[in-house]
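Structure file run10.cif; described as mmCIF, C-alpha atoms.
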data_structure
loop_
_atom_site.label_atom_id
_atom_site.label_comp_id
_atom_site.auth_asym_id
_atom_site.auth_seq_id
_atom_site.Cartn_x
_atom_site.Cartn_y
_atom_site.Cartn_z
CA MET A 12 39.57 -17.14 45.87
CA ASN A 13 39.52 -20.72 44.57
CA LEU A 14 37.22 -19.66 41.74
CA MET A 15 39.62 -16.85 40.86
CA LYS A 16 42.58 -19.24 40.80
CA GLU A 17 40.63 -21.65 38.62
CA ALA A 18 39.74 -18.86 36.20
CA LEU A 19 43.35 -17.60 36.03
CA ARG A 20 44.62 -21.11 35.46
CA PHE A 21 42.18 -21.55 32.60
CA ILE A 22 43.06 -18.14 31.08
CA CYS A 23 46.71 -19.21 30.97
CA SER A 24 45.85 -22.43 29.13
CA SER A 25 45.87 -23.08 25.40
CA ASN A 26 42.19 -24.04 25.67
CA PHE A 27 41.23 -20.49 26.60
CA TRP A 28 43.16 -18.89 23.76
CA ARG A 29 41.76 -21.30 21.19
CA MET A 30 38.25 -20.45 22.36
CA ALA A 31 38.83 -16.72 22.76
CA LEU A 32 40.80 -16.21 19.55
CA PHE A 33 40.29 -19.03 17.05
CA TRP A 34 36.61 -19.65 17.78
CA ASN A 35 35.64 -16.00 17.52
CA ILE A 36 37.59 -15.64 14.28
CA ALA A 37 35.86 -18.76 12.94
CA LEU A 38 32.43 -17.36 13.84
CA LEU A 39 33.18 -13.98 12.29
CA PHE A 40 34.52 -15.68 9.15
CA SER A 41 31.24 -17.57 8.76
CA TYR A 42 29.29 -14.32 9.03
CA PHE A 43 31.70 -12.70 6.56
CA GLN A 44 30.95 -15.51 4.10
CA LEU A 45 27.25 -14.93 4.69
CA LEU A 46 27.62 -11.19 4.01
CA LYS A 47 29.78 -11.71 0.93
CA LYS A 48 27.29 -14.18 -0.53
CA SER A 49 24.36 -11.83 0.10
CA ILE A 50 26.16 -9.00 -1.73
CA PHE A 51 28.02 -10.73 -4.55
CA GLY A 52 26.69 -14.26 -4.77
CA SER A 53 23.57 -15.77 -6.21
CA LYS A 54 20.70 -16.40 -3.87
CA SER A 55 21.37 -19.72 -2.13
CA SER A 56 18.53 -19.88 0.35
CA THR A 57 16.15 -22.80 0.16
CA SER A 58 12.42 -22.78 0.71
CA SER A 59 10.96 -25.12 3.30
CA CYS A 60 8.60 -27.88 2.31
CA SER A 61 5.61 -28.72 4.48
CA LYS A 62 5.27 -32.16 6.00
CA SER A 63 1.58 -31.79 6.72
CA ASN A 64 0.37 -32.91 3.29
CA HIS A 65 1.26 -36.56 3.86
CA SER A 66 -1.38 -39.04 5.02
CA HIS A 67 0.78 -40.49 7.78
CA THR A 68 2.34 -38.72 10.76
CA PRO A 69 6.08 -38.13 10.18
CA VAL A 70 8.40 -39.25 12.99
CA CYS A 71 11.35 -37.12 14.07
CA VAL A 72 14.10 -38.38 16.40
CA ILE A 73 16.02 -35.61 18.20
CA THR A 74 19.05 -36.29 20.41
CA GLY A 75 20.03 -33.91 23.18
CA ALA A 76 16.39 -32.88 23.30
CA THR A 77 16.01 -31.93 26.96
CA SER A 78 17.53 -28.45 26.92
CA GLY A 79 18.74 -25.57 24.80
CA LEU A 80 18.73 -25.98 21.04
CA GLY A 81 17.41 -29.54 21.06
CA LYS A 82 14.41 -28.66 23.21
CA ALA A 83 13.62 -25.57 21.11
CA THR A 84 13.87 -27.65 17.93
CA ALA A 85 11.60 -30.33 19.37
CA PHE A 86 8.97 -27.73 20.24
CA ALA A 87 9.16 -26.08 16.80
CA LEU A 88 8.92 -29.38 14.89
CA SER A 89 5.99 -30.52 17.04
CA ARG A 90 4.21 -27.42 15.72
CA LYS A 91 4.99 -28.62 12.19
CA GLY A 92 3.08 -31.87 12.74
CA PHE A 93 5.93 -34.24 13.54
CA TYR A 94 5.64 -37.00 16.11
CA ILE A 95 8.67 -36.07 18.21
CA VAL A 96 10.87 -38.77 19.72
CA LEU A 97 12.86 -37.09 22.48
CA VAL A 98 16.25 -38.67 23.25
CA GLY A 99 18.12 -37.66 26.40
CA ARG A 100 20.23 -38.97 29.27
CA SER A 101 18.05 -37.81 32.17
CA SER A 102 14.61 -39.29 32.81
CA HIS A 103 13.78 -36.29 35.01
CA LEU A 104 14.67 -33.79 32.25
CA LEU A 105 12.82 -35.86 29.67
CA SER A 106 9.67 -35.74 31.81
CA LYS A 107 10.08 -32.00 32.29
CA THR A 108 10.56 -31.46 28.55
CA LEU A 109 7.44 -33.49 27.78
CA SER A 110 5.45 -31.33 30.21
CA ASP A 111 6.91 -28.07 28.92
CA ILE A 112 6.15 -28.84 25.28
CA LYS A 113 2.65 -30.11 26.10
CA ARG A 114 1.97 -26.95 28.07
CA GLN A 115 2.80 -24.80 25.04
CA ASN A 116 1.31 -27.17 22.46
CA GLU A 117 -1.37 -29.47 23.85
CA ASN A 118 -1.67 -31.22 20.47
CA ALA A 119 2.01 -32.20 20.43
CA GLN A 120 2.66 -35.90 19.83
CA LEU A 121 5.64 -36.94 21.94
CA LYS A 122 7.57 -40.01 23.02
CA ALA A 123 10.66 -40.03 25.25
CA PHE A 124 13.55 -42.49 25.48
CA GLU A 125 16.34 -42.37 28.05
CA VAL A 126 19.54 -42.86 26.06
CA ASP A 127 23.23 -42.16 26.66
CA ILE A 128 24.51 -41.29 23.18
CA SER A 129 28.12 -41.84 24.32
CA SER A 130 27.33 -45.52 25.06
CA PHE A 131 27.00 -47.91 22.13
CA GLN A 132 25.05 -50.36 24.28
CA SER A 133 22.54 -47.62 25.16
CA VAL A 134 22.21 -46.52 21.52
CA PHE A 135 21.79 -50.11 20.34
CA LYS A 136 19.09 -50.69 22.98
CA PHE A 137 17.34 -47.51 21.87
CA ARG A 138 17.23 -48.69 18.25
CA ASN A 139 15.53 -51.90 19.37
CA SER A 140 13.10 -50.04 21.65
CA LEU A 141 12.24 -47.56 18.88
CA GLU A 142 11.53 -50.34 16.39
CA GLN A 143 9.34 -52.10 18.96
CA TRP A 144 7.43 -48.89 19.74
CA LEU A 145 6.84 -48.18 16.05
CA PHE A 146 5.64 -51.75 15.53
CA GLU A 147 3.18 -51.55 18.43
CA SER A 148 1.86 -48.09 17.55
CA ASP A 149 -0.33 -46.96 14.67
CA LEU A 150 2.68 -45.27 13.08
CA HIS A 151 4.47 -46.43 9.95
CA SER A 152 7.60 -48.47 10.76
CA SER A 153 9.95 -45.75 9.60
CA VAL A 154 11.63 -42.50 10.57
CA GLN A 155 11.34 -39.36 8.47
CA LEU A 156 13.80 -37.11 10.29
CA LEU A 157 16.86 -37.70 12.49
CA VAL A 158 18.41 -34.65 14.16
CA ASN A 159 21.81 -35.46 15.68
CA ASN A 160 21.98 -32.57 18.12
CA ALA A 161 23.54 -34.08 21.27
CA GLY A 162 26.88 -32.54 22.16
CA ILE A 163 29.05 -31.70 25.16
CA LEU A 164 32.07 -29.53 25.94
CA ALA A 165 33.90 -31.44 28.67
CA THR A 166 36.88 -29.93 30.47
CA SER A 167 38.34 -33.19 31.78
CA SER A 168 38.90 -36.69 30.46
CA ARG A 169 36.08 -39.07 31.38
CA PRO A 170 36.36 -42.35 29.45
CA THR A 171 33.21 -44.22 28.43
CA VAL A 172 32.58 -47.90 29.18
CA GLU A 173 34.16 -48.68 25.80
CA GLY A 174 37.24 -46.65 26.76
CA PHE A 175 36.51 -43.78 24.34
CA ASP A 176 36.86 -40.10 25.15
CA ARG A 177 33.37 -39.03 26.28
CA MET A 178 33.32 -35.85 24.20
CA MET A 179 34.26 -37.70 21.00
CA ALA A 180 31.80 -40.48 21.84
CA THR A 181 28.94 -38.02 22.38
CA ASN A 182 29.67 -35.48 19.66
CA TYR A 183 30.67 -37.80 16.85
CA VAL A 184 30.88 -41.57 17.41
CA GLY A 185 27.40 -41.66 18.96
CA ALA A 186 25.91 -39.67 16.07
CA PHE A 187 27.59 -41.93 13.51
CA THR A 188 26.43 -45.06 15.34
CA LEU A 189 22.83 -43.88 15.72
CA THR A 190 22.64 -42.85 12.07
CA LYS A 191 23.96 -46.21 10.87
CA LEU A 192 21.47 -48.05 13.09
CA LEU A 193 18.50 -45.95 11.99
CA LEU A 194 19.30 -45.90 8.26
CA PRO A 195 17.00 -48.89 7.56
CA LEU A 196 14.10 -46.98 9.18
CA LEU A 197 14.97 -43.85 7.19
CA ARG A 198 15.12 -45.86 3.97
CA ASN A 199 11.79 -47.51 4.81
CA SER A 200 10.03 -44.15 4.86
CA PRO A 201 7.23 -43.85 2.27
CA VAL A 202 8.24 -40.20 1.80
CA PRO A 203 11.70 -38.59 1.50
CA SER A 204 13.60 -38.72 4.80
CA ARG A 205 16.54 -36.74 6.13
CA VAL A 206 19.48 -36.73 8.54
CA VAL A 207 20.38 -33.35 10.06
CA ASN A 208 23.76 -33.13 11.80
CA VAL A 209 24.16 -30.13 14.11
CA THR A 210 27.75 -28.99 13.81
CA SER A 211 29.62 -25.79 14.71
CA PHE A 212 31.67 -22.93 13.29
CA THR A 213 34.46 -24.17 15.59
CA HIS A 214 35.30 -26.81 12.97
CA ARG A 215 37.10 -24.01 11.10
CA SER A 216 39.69 -23.94 13.91
CA ALA A 217 40.76 -27.52 13.19
CA PHE A 218 43.71 -27.09 10.84
CA SER A 219 44.70 -30.73 10.44
CA GLY A 220 43.29 -34.11 11.22
CA ARG A 221 44.24 -37.74 11.69
CA PHE A 222 41.49 -40.33 11.44
CA ASP A 223 42.99 -43.51 12.83
CA MET A 224 41.19 -45.49 15.57
CA ASP A 225 42.88 -43.73 18.49
CA SER A 226 42.08 -40.28 17.08
CA VAL A 227 38.42 -40.92 16.24
CA THR A 228 37.73 -42.58 19.59
CA GLY A 229 39.68 -39.80 21.34
CA VAL A 230 42.02 -42.21 23.09
CA ASN A 231 45.09 -40.28 21.96
CA PHE A 232 43.75 -37.06 23.54
CA SER A 233 43.72 -38.68 26.98
CA ARG A 234 47.49 -39.08 26.75
CA SER A 235 47.99 -35.30 26.76
CA LYS A 236 49.31 -33.74 29.95
CA GLN A 237 46.54 -31.13 29.85
CA TYR A 238 43.15 -32.22 28.51
CA PRO A 239 42.79 -30.30 25.19
CA CYS A 240 39.03 -29.74 25.44
CA ALA A 241 38.89 -26.97 22.82
CA ARG A 242 40.85 -29.00 20.27
CA ILE A 243 38.70 -32.11 20.85
CA TYR A 244 35.49 -30.12 20.45
CA GLU A 245 36.73 -28.62 17.15
CA TYR A 246 37.84 -32.03 15.93
CA SER A 247 34.52 -33.67 16.85
CA LYS A 248 32.61 -31.04 14.86
CA LEU A 249 34.98 -31.44 11.91
CA CYS A 250 34.34 -35.19 12.02
CA LEU A 251 30.60 -34.60 12.03
CA LEU A 252 30.89 -32.44 8.91
CA LEU A 253 33.16 -34.89 7.07
CA PHE A 254 30.71 -37.64 7.97
CA SER A 255 27.76 -35.60 6.67
CA TYR A 256 29.38 -35.07 3.28
CA GLN A 257 30.59 -38.67 2.99
CA LEU A 258 27.17 -40.06 3.95
CA HIS A 259 25.67 -37.84 1.26
CA ARG A 260 28.08 -39.30 -1.30
CA GLN A 261 27.45 -42.87 -0.12
CA LEU A 262 23.68 -42.44 -0.36
CA ARG A 263 23.92 -40.99 -3.87
CA LEU A 264 25.84 -44.08 -5.00
CA THR A 265 22.90 -46.32 -4.10
CA ASP A 266 19.97 -43.94 -4.51
CA ASP A 267 19.94 -41.06 -6.96
CA SER A 268 16.37 -40.06 -6.09
CA HIS A 269 17.37 -38.27 -2.86
CA HIS A 270 15.02 -40.51 -0.87
CA VAL A 271 17.37 -40.16 2.11
CA SER A 272 19.17 -36.83 2.21
CA VAL A 273 21.71 -35.52 4.71
CA VAL A 274 22.60 -31.94 5.63
CA ALA A 275 24.71 -30.21 8.26
CA VAL A 276 23.60 -27.11 10.13
CA ASP A 277 25.60 -24.61 12.17
CA PRO A 278 23.28 -22.61 14.45
CA GLY A 279 26.04 -20.15 15.38
CA ALA A 280 26.55 -18.94 18.96
CA VAL A 281 23.62 -20.01 21.12
CA LYS A 282 22.83 -19.30 24.77
CA THR A 283 22.77 -22.86 26.11
CA ASN A 284 24.39 -24.66 29.02
CA ILE A 285 27.06 -26.35 26.87
CA MET A 286 29.79 -24.25 28.53
CA HIS A 287 28.67 -25.04 32.09
CA GLU A 288 31.91 -26.89 32.92
CA LEU A 289 34.02 -23.81 32.19
CA PRO A 290 34.80 -21.34 34.99
CA SER A 291 31.80 -19.06 35.60
CA TYR A 292 33.86 -15.94 34.86
CA ILE A 293 34.68 -17.30 31.42
CA GLN A 294 31.03 -18.09 30.71
CA VAL A 295 29.98 -14.53 31.61
CA ILE A 296 32.72 -12.95 29.47
CA ALA A 297 31.87 -15.18 26.49
CA PHE A 298 28.14 -14.50 26.76
CA TYR A 299 28.31 -10.74 27.11
CA GLY A 300 31.10 -10.40 24.56
CA LEU A 301 29.05 -12.15 21.88
CA LYS A 302 25.88 -10.39 23.01
CA ILE A 303 27.50 -6.97 22.55
CA LEU A 304 28.50 -8.02 19.03
CA GLY A 305 24.91 -9.11 18.39
CA LEU A 306 26.01 -12.69 17.71
CA MET A 307 24.51 -14.47 20.73
CA GLN A 308 21.15 -16.07 19.93
CA SER A 309 18.42 -17.59 22.03
CA PRO A 310 17.78 -21.33 21.51
CA GLU A 311 14.43 -20.46 19.92
CA ASP A 312 16.03 -18.14 17.34
CA ALA A 313 18.86 -20.57 16.62
CA ALA A 314 16.39 -23.44 16.18
CA GLU A 315 15.09 -21.69 13.06
CA SER A 316 18.31 -22.69 11.26
CA VAL A 317 17.74 -26.33 12.24
CA ILE A 318 14.12 -26.16 11.07
CA ASP A 319 15.28 -24.68 7.73
CA ALA A 320 17.72 -27.56 7.29
CA ALA A 321 15.15 -30.16 8.32
CA LEU A 322 12.41 -28.93 5.99
CA ALA A 323 14.46 -27.98 2.93
CA PRO A 324 13.40 -29.80 -0.28
CA PRO A 325 14.61 -33.43 -0.62
CA GLU A 326 17.01 -32.55 -3.43
CA ILE A 327 18.97 -30.34 -1.02
CA SER A 328 21.60 -32.73 0.31
CA GLY A 329 25.26 -32.49 1.25
CA LYS A 330 24.89 -28.81 2.18
CA TYR A 331 26.01 -26.67 5.14
CA PHE A 332 23.30 -24.41 6.55
CA PHE A 333 24.25 -21.26 8.43
CA GLY A 334 22.66 -17.92 9.24
CA GLY A 335 18.99 -18.81 9.05
CA GLN A 336 16.46 -18.19 6.26
CA GLY A 337 17.51 -21.44 4.58
CA THR A 338 20.93 -20.04 3.68
CA THR A 339 23.85 -22.34 2.88
CA ILE A 340 27.54 -21.39 2.84
CA GLU A 341 30.83 -23.20 2.37
CA SER A 342 32.36 -24.96 5.35
CA SER A 343 36.16 -25.14 5.78
CA ALA A 344 38.34 -26.51 2.99
CA LEU A 345 39.46 -29.30 5.33
CA SER A 346 35.88 -30.43 5.93
CA GLY A 347 35.33 -30.71 2.18
CA ASP A 348 38.30 -33.01 1.55
CA PRO A 349 36.82 -36.25 0.12
CA LYS A 350 39.99 -38.25 0.84
CA MET A 351 39.88 -37.33 4.53
CA ALA A 352 36.14 -38.01 4.63
CA LYS A 353 36.67 -41.49 3.18
CA GLU A 354 39.43 -42.21 5.73
CA LEU A 355 37.15 -41.11 8.57
CA TRP A 356 34.27 -43.16 7.14
CA ASP A 357 36.37 -46.33 6.94
CA THR A 358 37.67 -45.90 10.50
CA SER A 359 34.19 -45.13 11.83
CA CYS A 360 32.75 -48.21 10.13
CA LEU A 361 35.52 -50.31 11.66
CA ILE A 362 34.70 -48.94 15.12
CA PHE A 363 30.98 -49.53 14.51
CA ASN A 364 31.52 -53.14 13.40
CA GLU A 365 33.74 -53.93 16.40
CA LEU A 366 31.21 -52.43 18.81
CA GLN A 367 28.35 -54.28 17.14
CA GLN A 368 30.17 -57.59 17.52
CA THR A 369 30.86 -56.83 21.18
CA HIS A 370 27.26 -55.96 22.06
CA THR A 371 25.35 -58.53 19.98
#
For the structure just supplied, provide its representation as structure tokens.
Amino acid sequence: MNLMKEALRFICSSNFWRMALFWNIALLFSYFQLLKKSIFGSKSSTSSCSKSNHSHTPVCVITGATSGLGKATAFALSRKGFYIVLVGRSSHLLSKTLSDIKRQNENAQLKAFEVDISSFQSVFKFRNSLEQWLFESDLHSSVQLLVNNAGILATSSRPTVEGFDRMMATNYVGAFTLTKLLLPLLRNSPVPSRVVNVTSFTHRSAFSGRFDMDSVTGVNFSRSKQYPCARIYEYSKLCLLLFSYQLHRQLRLTDDSHHVSVVAVDPGAVKTNIMHELPSYIQVIAFYGLKILGLMQSPEDAAESVIDAALAPPEISGKYFFGGQGTTIESSALSGDPKMAKELWDTSCLIFNELQQTHT
């Protein structure tokens, strides 16, 4: 009975209707773009480039690597010859992931770090530990691939140590912080390196955006009477896209050779545990509804889109991958606004600098 009441309460909330209506429309619109491009547009798919022809072992850092899409991506890239650095919050799940990948690929080269992406202190410590590990190993002191995959869909406000909204801290601020900290290692790569930001079709449901400190840290969301989890998730994914495009522009200002490239990838609807905080009835309805439409993918199938984005040629930068087979489409008009991207960038850098001063 309590579960039924919880489900009914959620169905009557704005969160449910944003997810049930706006998110499904956003997903269908992305597939419509894909269909329209395949019929009327020029071929926009990109061929993958192999990493195996380089003399050194390329290093790939993957966040949120202990389950779902992140774990499937880690396994697939280990098959491509990458030394996989698994980043996750749970030491138990990291150990299990190491064992699972080794069981399927005994030649996999793996290293695990326990990191809370929502905590700047934890991310900063990870950067130092990663640099130390690279220095002590036989690997080149660089990173060739960073996959910002970690993400959560929280249904209640749970502030971080820094006082940020945990969903914003995990889905966006943590990814921005980690990328900024690892940029020197990416630039130090003897071969072209890349940042892959895993975003979502839900960004299309964000119709406006403010990018002041309270918005980007999610502090203003905690003031709402009802925690707007759907709106925060959409906003965090919009921020990740705006950041991807702005980082691309910033890198081109200093390096026109595409030595460090950045792309965003939307894997679509994937059967993972990201919705585990929602009422079980809602999870079942969402899963079977998308499965009937043929839009629900396994993590292994969805990981192909991430692999396409990761291994696309170095000159492919500032693009939005969707639909697999190396295909790129246009993200929302809002996500492509350079003025908004610059505002978000400036605010994010301000947050980063303040956190760095606090923890150093």
As an mmCIF file with C-alpha atoms, in the coordinates of the input, please: the residues near stretch 69-84 of chain A (cut-off 9 Å, only C-alpha atoms, same-chain neighbours under 6 positions excluded).
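Okay, around.cif is ready:
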data_model
loop_
_atom_site.group_PDB
_atom_site.id
_atom_site.type_symbol
_atom_site.label_atom_id
_atom_site.label_comp_id
_atom_site.auth_asym_id
_atom_site.auth_seq_id
_atom_site.Cartn_x
_atom_site.Cartn_y
_atom_site.Cartn_z
ATOM 1 C CA LYS A 62 5.270 -32.160 6.000
ATOM 2 C CA SER A 63 1.580 -31.790 6.720
ATOM 3 C CA GLY A 92 3.080 -31.870 12.740
ATOM 4 C CA PHE A 93 5.930 -34.240 13.540
ATOM 5 C CA TYR A 94 5.640 -37.000 16.110
ATOM 6 C CA ILE A 95 8.670 -36.070 18.210
ATOM 7 C CA VAL A 96 10.870 -38.770 19.720
ATOM 8 C CA LEU A 97 12.860 -37.090 22.480
ATOM 9 C CA VAL A 98 16.250 -38.670 23.250
ATOM 10 C CA GLY A 99 18.120 -37.660 26.400
ATOM 11 C CA ARG A 100 20.230 -38.970 29.270
ATOM 12 C CA SER A 101 18.050 -37.810 32.170
ATOM 13 C CA LEU A 104 14.670 -33.790 32.250
ATOM 14 C CA LEU A 105 12.820 -35.860 29.670
ATOM 15 C CA SER A 106 9.670 -35.740 31.810
ATOM 16 C CA LYS A 107 10.080 -32.000 32.290
ATOM 17 C CA THR A 108 10.560 -31.460 28.550
ATOM 18 C CA LEU A 109 7.440 -33.490 27.780
ATOM 19 C CA ILE A 112 6.150 -28.840 25.280
ATOM 20 C CA VAL A 126 19.540 -42.860 26.060
ATOM 21 C CA ILE A 128 24.510 -41.290 23.180
ATOM 22 C CA LEU A 150 2.680 -45.270 13.080
ATOM 23 C CA HIS A 151 4.470 -46.430 9.950
ATOM 24 C CA SER A 153 9.950 -45.750 9.600
ATOM 25 C CA VAL A 154 11.630 -42.500 10.570
ATOM 26 C CA GLN A 155 11.340 -39.360 8.470
ATOM 27 C CA LEU A 156 13.800 -37.110 10.290
ATOM 28 C CA LEU A 157 16.860 -37.700 12.490
ATOM 29 C CA VAL A 158 18.410 -34.650 14.160
ATOM 30 C CA ASN A 159 21.810 -35.460 15.680
ATOM 31 C CA ASN A 160 21.980 -32.570 18.120
ATOM 32 C CA ALA A 161 23.540 -34.080 21.270
ATOM 33 C CA GLY A 162 26.880 -32.540 22.160
ATOM 34 C CA ALA A 186 25.910 -39.670 16.070
ATOM 35 C CA SER A 200 10.030 -44.150 4.860
ATOM 36 C CA VAL A 202 8.240 -40.200 1.800
ATOM 37 C CA PRO A 278 23.280 -22.610 14.450
ATOM 38 C CA VAL A 281 23.620 -20.010 21.120
ATOM 39 C CA LYS A 282 22.830 -19.300 24.770
ATOM 40 C CA THR A 283 22.770 -22.860 26.110
ATOM 41 C CA ASN A 284 24.390 -24.660 29.020
ATOM 42 C CA ILE A 285 27.060 -26.350 26.870
ATOM 43 C CA SER A 309 18.420 -17.590 22.030
ATOM 44 C CA PRO A 310 17.780 -21.330 21.510
ATOM 45 C CA GLU A 311 14.430 -20.460 19.920
ATOM 46 C CA ASP A 312 16.030 -18.140 17.340
ATOM 47 C CA ALA A 313 18.860 -20.570 16.620
ATOM 48 C CA ALA A 314 16.390 -23.440 16.180
ATOM 49 C CA GLU A 315 15.090 -21.690 13.060
ATOM 50 C CA VAL A 317 17.740 -26.330 12.240
ATOM 51 C CA ILE A 318 14.120 -26.160 11.070
#
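Nearest residue to A:Gly185, choosing from A:Val207, A:Leu141, A:Ser24, A:Val134 and counting all atoms listed in the file: A:Val134.
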How many Å lie between atom CA of A:Leu164 and atom CA of A:Ser247, rounded to one decimal? 10.3 Å
Show me, as JSON lines, the residues of stretch 160-219 of chain A having an atom within 10 Å of stretch 331-336 of chain A, each with the closest atom pair and its distance in Å, using only C-alpha atoms.
{"residue": "A:Asn208", "atom": "CA", "partner": "A:Tyr331", "partner_atom": "CA", "distance": 9.5}
{"residue": "A:Val209", "atom": "CA", "partner": "A:Phe332", "partner_atom": "CA", "distance": 9.5}
{"residue": "A:Thr210", "atom": "CA", "partner": "A:Tyr331", "partner_atom": "CA", "distance": 9.1}
{"residue": "A:Ser211", "atom": "CA", "partner": "A:Phe333", "partner_atom": "CA", "distance": 9.4}
{"residue": "A:Phe212", "atom": "CA", "partner": "A:Phe333", "partner_atom": "CA", "distance": 9.0}
Contact residues around stretch 254-268 of chain A with all atoms listed in the file at 7 Å, ignoring same-chain residues under 5 positions, as a tab-separated table (two decimals) with C-alpha atoms, keeping the file's coordinate frame:
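Result saved to part.tsv:
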chain	number	residue	atom	x	y	z
A	208	ASN	CA	23.76	-33.13	11.80
A	273	VAL	CA	21.71	-35.52	4.71
A	274	VAL	CA	22.60	-31.94	5.63
A	275	ALA	CA	24.71	-30.21	8.26
A	328	SER	CA	21.60	-32.73	0.31
A	329	GLY	CA	25.26	-32.49	1.25
A	352	ALA	CA	36.14	-38.01	4.63
A	353	LYS	CA	36.67	-41.49	3.18
A	356	TRP	CA	34.27	-43.16	7.14
Which residue gives the smallest distance to A:Asp127 among A:Gly220, A:Ser102, A:Asn231, A:His270, with all atoms listed in the file counted?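 Looking only at the distances to A:Asp127, the closest residue turns out to be A:Ser102.
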Box centre and edge lengths (Å, one decimal), axis-aligned, stretch 191-209 of chain A plus 6 Å each side, as lines of an AutoDock Vina configuration file:
center_x = 15.7
center_y = -39.5
center_z = 7.8
size_x = 28.9
size_y = 30.8
size_z = 24.6
Any idea what's packed within 12 Å of A:Leu345, counting all atoms listed in the file, ignoring anything in its chain fewer than 5 positions away? Could you give it as a PyMOL selection string? chain A and resi 214-221+246+248-250+252-253+256+350-352
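Residue nearest A:Ser49, chosen from A:Asp111, A:Glu125, A:Leu361, A:Thr339 and counting only C-alpha atoms: A:Thr339.
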Given the point (23.0, -15.3, 25.7) in the coordinates of this file, which residues lie within 10 Å, counting all atoms listed in the file, and how would they look as a PyMOL selection string? chain A and resi 280-283+294-295+297-303+305-310
7 Å contact set for A:Ile163, only C-alpha atoms, chain neighbours under 3 positions out, as JSON, numbers by chain: {"A": [178, 181, 182, 285]}
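Considering the residues A:Asn26, A:Val276, A:Leu322, A:Ser343 and counting only C-alpha atoms, A:Ala241 has its shortest atom-to-atom contact with A:Asn26.
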Mind completing stretch 260-272 of chain A with N, CA and C atoms? Output as a short mmCIF file (atom, residue, chain, number, x, y, z; two decimals), in the frame of the given file, please?
data_model
loop_
_atom_site.label_atom_id
_atom_site.label_comp_id
_atom_site.auth_asym_id
_atom_site.auth_seq_id
_atom_site.Cartn_x
_atom_site.Cartn_y
_atom_site.Cartn_z
N ARG A 260 27.51 -38.65 -0.12
CA ARG A 260 28.08 -39.30 -1.30
C ARG A 260 27.72 -40.79 -1.34
N GLN A 261 27.78 -41.44 -0.18
CA GLN A 261 27.45 -42.87 -0.12
C GLN A 261 25.99 -43.12 -0.52
N LEU A 262 25.10 -42.28 -0.04
CA LEU A 262 23.68 -42.44 -0.36
C LEU A 262 23.40 -42.21 -1.84
N ARG A 263 24.12 -41.26 -2.44
CA ARG A 263 23.92 -40.99 -3.87
C ARG A 263 24.39 -42.15 -4.74
N LEU A 264 25.36 -42.93 -4.24
CA LEU A 264 25.84 -44.08 -5.00
C LEU A 264 24.77 -45.15 -5.14
N THR A 265 23.92 -45.27 -4.10
CA THR A 265 22.90 -46.32 -4.10
C THR A 265 21.50 -45.81 -4.42
N ASP A 266 21.31 -44.49 -4.30
CA ASP A 266 19.97 -43.94 -4.51
C ASP A 266 20.09 -42.52 -5.05
N ASP A 267 19.80 -42.37 -6.33
CA ASP A 267 19.94 -41.06 -6.96
C ASP A 267 18.67 -40.22 -6.86
N SER A 268 17.66 -40.77 -6.17
CA SER A 268 16.37 -40.06 -6.09
C SER A 268 16.27 -39.15 -4.87
N HIS A 269 17.35 -39.09 -4.08
CA HIS A 269 17.37 -38.27 -2.86
C HIS A 269 16.30 -38.71 -1.87
N HIS A 270 16.03 -40.03 -1.82
CA HIS A 270 15.02 -40.51 -0.87
C HIS A 270 15.49 -40.26 0.56
N VAL A 271 16.78 -40.51 0.81
CA VAL A 271 17.37 -40.16 2.11
C VAL A 271 18.43 -39.09 1.84
N SER A 272 18.21 -37.92 2.38
CA SER A 272 19.17 -36.83 2.21
C SER A 272 19.86 -36.55 3.54
#
